[in-house]
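**Q** Before we start, here is the structure in question, set down as structure tokens.
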Amino acid sequence: MQEIVNTINGYIWSSALIYLCLGAGLFFTVVTRFVQIRHFTEMWRLLMSGKSSEQGISSFQALAVSLSGRVGAGNIAGVAAAIGFGGPGAVFWMWIVAFFGAATAYIESTNAQIYKEEHDGKYHGGPAYYIEKAMGQKWYAWVFAVATIIATGVMLPMVQSNTIATAIEQVFGNTQTINTAFGAISYAKLYTATGIVLLLGFIIFGGIKRIANFTQVVVPFMALAYILISLIIIGLNIDQLPGVVMLIIGDAFTPMAGVGAAIGWGVKRGVYSNEAGQGTGPHAAAAAEVDHPAQQGLVQAFSVYIDTLFVCSATAFMILITGTYNVHGAGETFIVQNLAADVITNGPAYTQMAVDSVFTGVGKPFVALALFFFAFTTILAYYFIAENNVYYIKRTFKLPAGIFILKVVIISATFYGTVKAASIAWGMGDIGVGLMAWLNIIGILIIFFMSKPALKALKDYERQQEEGVKTFTFDPKKLGIENATFWEEKFEKDQSSKS
């Protein structure tokens with residue numbers, strides 16, 4: 001099974017996808033005239049001034065749902081894996097992916113807002129919707145929807161739940177095992193799996209409002225606590241910080257593990273962590289209640305900064321400053337070996353050891369707790385994304401039990417991922433991320449060259465900013481944007497209410 005997963009990943013995560021992710025981010029950065037820099041203050045203003053409605057959630061709630069998908073195992077275990085397999089220079093390429101990826105996040109999230117729909121009294125949208133409406137290729141939209149349901153309903157939850165279990169095992173050590181149909185499982189993993197699926201079932205059967213209310217409280221609190229701990233560790237070792245920064249930058253171009261490894265692992269874990277271009281963020285963006293599509297695009301671009309430049313960097317600095325990492329070479333060799341050879345690289349162990357080296361006896365439990373909330377809320381975000389794509393398919397086929405089946409599948413996948421080996425779980429997750437990234441990035445590039453809807457929305461928003469309007473409006477017909485039926489109806493309704 002492991003060999004099959006590795007072979008598939010070799011094809012999906014070839015250098016072509018690496019260049020596609022970086023190239024698309026650079027392209028969208030240029031055509032939007034560095035939107036991620038020019039509108040930084042506007043991003044912050046929008047984040048604090050959003051509102052919700054019966055149909056949609058607020059910009060902040062959408063950001064929290066999106067961040068719950070972005071801030072997860074990738075920020076703690078993913079960064080450790082990037083360093084372990086790609087060297088410290090991989091962190092630099094994670095930064096590059098985040099900076100350029102913010103522009104990609106703006107494009108895909110604005111597209112999602114423009115082409116969103118209202119079903120059962122709630123907003124739904126995402127890549128499948130804008131691929132069908134803007135590109136006019138329903139078959140391609142279906143391929144993305146099915147791939148996303150499989151990725152976020154089965155593959156990706158396994159990574160998050162497995163990482164939680166691995167972190168808890170680090171806390172309690174080797175516990176007794178029990179023989180099951182899945183093989184020998186430690187009691188720690190079995191109890192963890194049971195607890196996760198019970199809590200997951202309670203929340204996902206409550207709908208998007210319950211998910212949004214849960215994540216908007218948990219995600220910001222845990223992210224701030226995690227960053228605070230990292231700042232304390234960095235502050236206690238502040239004299240080493242310049243050397244660590246130089247190590248990251250220097251190793252990015254002449255890395256110990258080779259340029260290909262640093263760039264490959266940096267981009268792979270960068271995309272996995274911040275999800276820019278992957279096509280997951282647009283689902284939460286479409287659910288937001290905003291006056292103009294560009295507003296949520298800007299908010300979602302800001303979430304990439306939070307994820308990678310803050311949380312991922314915090315993890316990287318803790319690991320590198322405390323020296324709690326190995327760098328794998330070819331075969332069984334190590335280029336750098338600061339820890340025992342049996343320490344799992346595809347897991348949170350490096351991060352837990354880094355925190356525990358300063359806060360002895362507290363570090364491992366704290367990281368396990370943070371990881372539980374980060375990874376658990378990510379599973380909730382994955383369910384929300386999969387649900388959106390089931391709703392997309394239900395536009396054509398009734399699927400009366402579709403949502404219920406999805407809930408059962410994601411709960412089962414979460415349990416299975418919790419008790420399986422980390423390498424298989426991460427390999428499956430990489431397949432899911434890679435498939436979605438290929439389909440979505442190609443889609444948004446084609447849409448851009450066909451009609452440029454997100455760029456038109458940005459220019460329209462900037463025009464209204466310059467005019468100093470108090471309430472922003474969006475008229476897709478005036479901008480030459482077709483099939484944006486929700487916004488067409490909204491604009492006509494607003495105009496009729498004024499007259």
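Starting from 1 in every chain, residues are counted up; chains themselves are A, B, ... following the order of the structure tokens, and ligands are numbered from 1 as listed.
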Mind checking DSSP for range 189-434 of chain A and telling me the strand (DSSP E or B) residues as a ChimeraX atom specification?
**A** /A:288,326-328,334-337
**Q** Would you mind exporting the chosen residues as a compact mmCIF listing (two decimals), in the first residue's frame, restricted to N, CA and C atoms?
**A**
# COMPACT_ATOMS: atom_id res chain seq x y z
N ALA A 288 -19.62 33.50 2.72
CA ALA A 288 -19.62 34.77 3.45
C ALA A 288 -20.66 35.74 2.92
N ASN A 326 16.20 16.33 12.46
CA ASN A 326 17.13 15.61 11.61
C ASN A 326 16.85 16.02 10.17
N VAL A 327 17.83 15.86 9.28
CA VAL A 327 17.61 16.05 7.85
C VAL A 327 17.99 14.75 7.16
N HIS A 328 17.03 14.14 6.48
CA HIS A 328 17.26 12.86 5.85
C HIS A 328 18.04 13.00 4.54
N PHE A 334 21.63 10.21 7.21
CA PHE A 334 21.19 11.52 7.69
C PHE A 334 22.24 12.56 7.30
N ILE A 335 21.78 13.69 6.78
CA ILE A 335 22.68 14.81 6.51
C ILE A 335 22.92 15.57 7.81
N VAL A 336 21.85 15.70 8.59
CA VAL A 336 21.94 16.27 9.94
C VAL A 336 21.20 15.34 10.87
N GLN A 337 21.80 14.95 11.97
CA GLN A 337 21.12 14.09 12.94
C GLN A 337 21.34 14.62 14.35
**Q** Using only C-alpha atoms, determine which residues lie at most 8 Å from Phe491 in chain A, disregarding the query and same-chain residues fewer than 3 positions distant; provide the list as a compact mmCIF listing (two decimals) with N, CA and C atoms, in the first residue's frame.
**A**
# COMPACT_ATOMS: atom_id res chain seq x y z
N THR A 473 -21.39 48.26 -4.01
CA THR A 473 -22.33 47.48 -4.81
C THR A 473 -21.55 46.72 -5.88
N PHE A 474 -22.19 45.70 -6.44
CA PHE A 474 -21.53 44.91 -7.48
C PHE A 474 -22.53 44.59 -8.57
N ASP A 475 -22.27 45.12 -9.76
CA ASP A 475 -23.14 44.89 -10.92
C ASP A 475 -22.35 44.09 -11.96
N TRP A 487 -25.51 37.65 -7.90
CA TRP A 487 -25.21 39.08 -7.80
C TRP A 487 -26.06 39.91 -8.75
N GLU A 488 -26.46 39.32 -9.88
CA GLU A 488 -27.37 40.03 -10.78
C GLU A 488 -28.69 40.30 -10.08
N ASP A 494 -31.58 45.47 -4.94
CA ASP A 494 -31.11 46.67 -4.23
C ASP A 494 -31.53 47.95 -4.94
N GLN A 495 -31.45 47.92 -6.27
CA GLN A 495 -31.81 49.11 -7.04
C GLN A 495 -33.29 49.40 -6.95
**Q** How far is it from CA of Pro293 in chain A to CA of Thr41 in chain A, in Å with one decimal?
**A**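 Result for CA of Pro293 in chain A versus CA of Thr41 in chain A: 17.4 Å, one decimal.
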**Q** If you run DSSP on the backbone, which residues of range 137-233 of chain A are helix (DSSP H, G or I), as an MDAnalysis selection string?
**A** chainID A and resid 138:172 187:204 208:233
**Q** Please build the interface table for range 71-141 of chain A against range 239-252 of chain A with a cut-off of 10 Å, listing for each qualifying residue the nearest atom pair and the distance in Å to one decimal; count only C-alpha atoms, order rows by chain and increasing number, and write it as a tab-separated table.
**A**
residue	atom	partner	partner_atom	distance
A:Ile83	CA	A:Ile248	CA	9.8
A:Gly86	CA	A:Ala252	CA	9.2
A:Gly87	CA	A:Asp251	CA	7.2
A:Pro88	CA	A:Ile248	CA	5.1
A:Gly89	CA	A:Ala252	CA	3.7
A:Ala90	CA	A:Ala252	CA	6.3
A:Val91	CA	A:Ile248	CA	6.5
A:Phe92	CA	A:Ile248	CA	6.0
A:Trp93	CA	A:Ala252	CA	7.1
**Q** Pick from A:Ile424, A:Ala98, A:Val367, A:Ile76: nearest to Gly270 in chain A, with only C-alpha atoms counted?
**A** A:Ala98
**Q** So what do you get for CA of Leu231 in chain A versus CA of Ala349 in chain A, distance-wise?
**A**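 Atom-to-atom, CA of Leu231 in chain A to CA of Ala349 in chain A, that is 19.3 Å.
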**Q** If we count only C-alpha atoms and set the cut-off at 10 Å, which residues sit around range 452-456 of chain A, ignoring sequence neighbours fewer than 5 positions away in its own chain? Please answer as a VMD selection string.
**A** chain A and resid 28 31 to 32 106 to 115 134 293 to 294 297 444 to 447 461 to 462 476 479 to 482 484
**Q** If we count only C-alpha atoms, what is near range 21-23 of chain A at a cut-off of 9 Å, once residues fewer than 4 positions away on the same chain are taken out, given as number ranges by chain?
**A** A: 16-17, 27-28, 96-97, 100-101, 267, 271, 276-277, 437-438, 441
**Q** Fewer than 5 positions away in the same chain doesn't count, so skip those; otherwise give me all residues within 8 Å of Leu298 in chain A, counting only C-alpha atoms, as JSON, numbers by chain.
**A** {"A": [36, 39, 42, 43, 106]}
**Q** What lies within 9 Å of Val197 in chain A using only C-alpha atoms, ignoring chain neighbours under 4 positions off, as JSON, numbers by chain?
**A** {"A": [192, 193, 201, 202, 411, 412, 414, 415]}
**Q** What lies within 8 Å of Met155 in chain A using only C-alpha atoms, ignoring chain neighbours under 4 positions off, as a list in words?
**A**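 Near neighbours after the sequence-gap exclusion: Ile150, Ala151, Val159, Ala413, Ala425, Met428, Gly429, Ile431 and Gly432 of chain A.
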**Q** Give the answer as one residue: which of A:Ile185, A:His283, A:Val290, A:Asn440 has the shortest atom-to-atom distance to Phe472 in chain A, using only C-alpha atoms?
**A** A:Val290
**Q** For Tyr383 in chain A, which of A:Ile321, A:Val154, A:Ala286, A:Ala340 is the closest residue, counting only C-alpha atoms?
**A**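 Nearest to Tyr383 in chain A: A:Val154.
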**Q** What separation in Å, quoted to one decimal, exists between CA of Phe172 in chain A and CA of Ala188 in chain A?
**A** 7.6 Å
**Q** So, with only C-alpha atoms as the atoms that count, which of A:Pro127, A:Pro282, A:Glu467, A:Phe205 lies closest to Val146 in chain A?
**A**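 For Val146 in chain A, the nearest of the given residues is A:Pro127.
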**Q** Ranking A:Ile178, A:Val79, A:Met450, A:Met353 by minimum distance to Leu309 in chain A and counting only C-alpha atoms, which one comes first?
**A** A:Val79
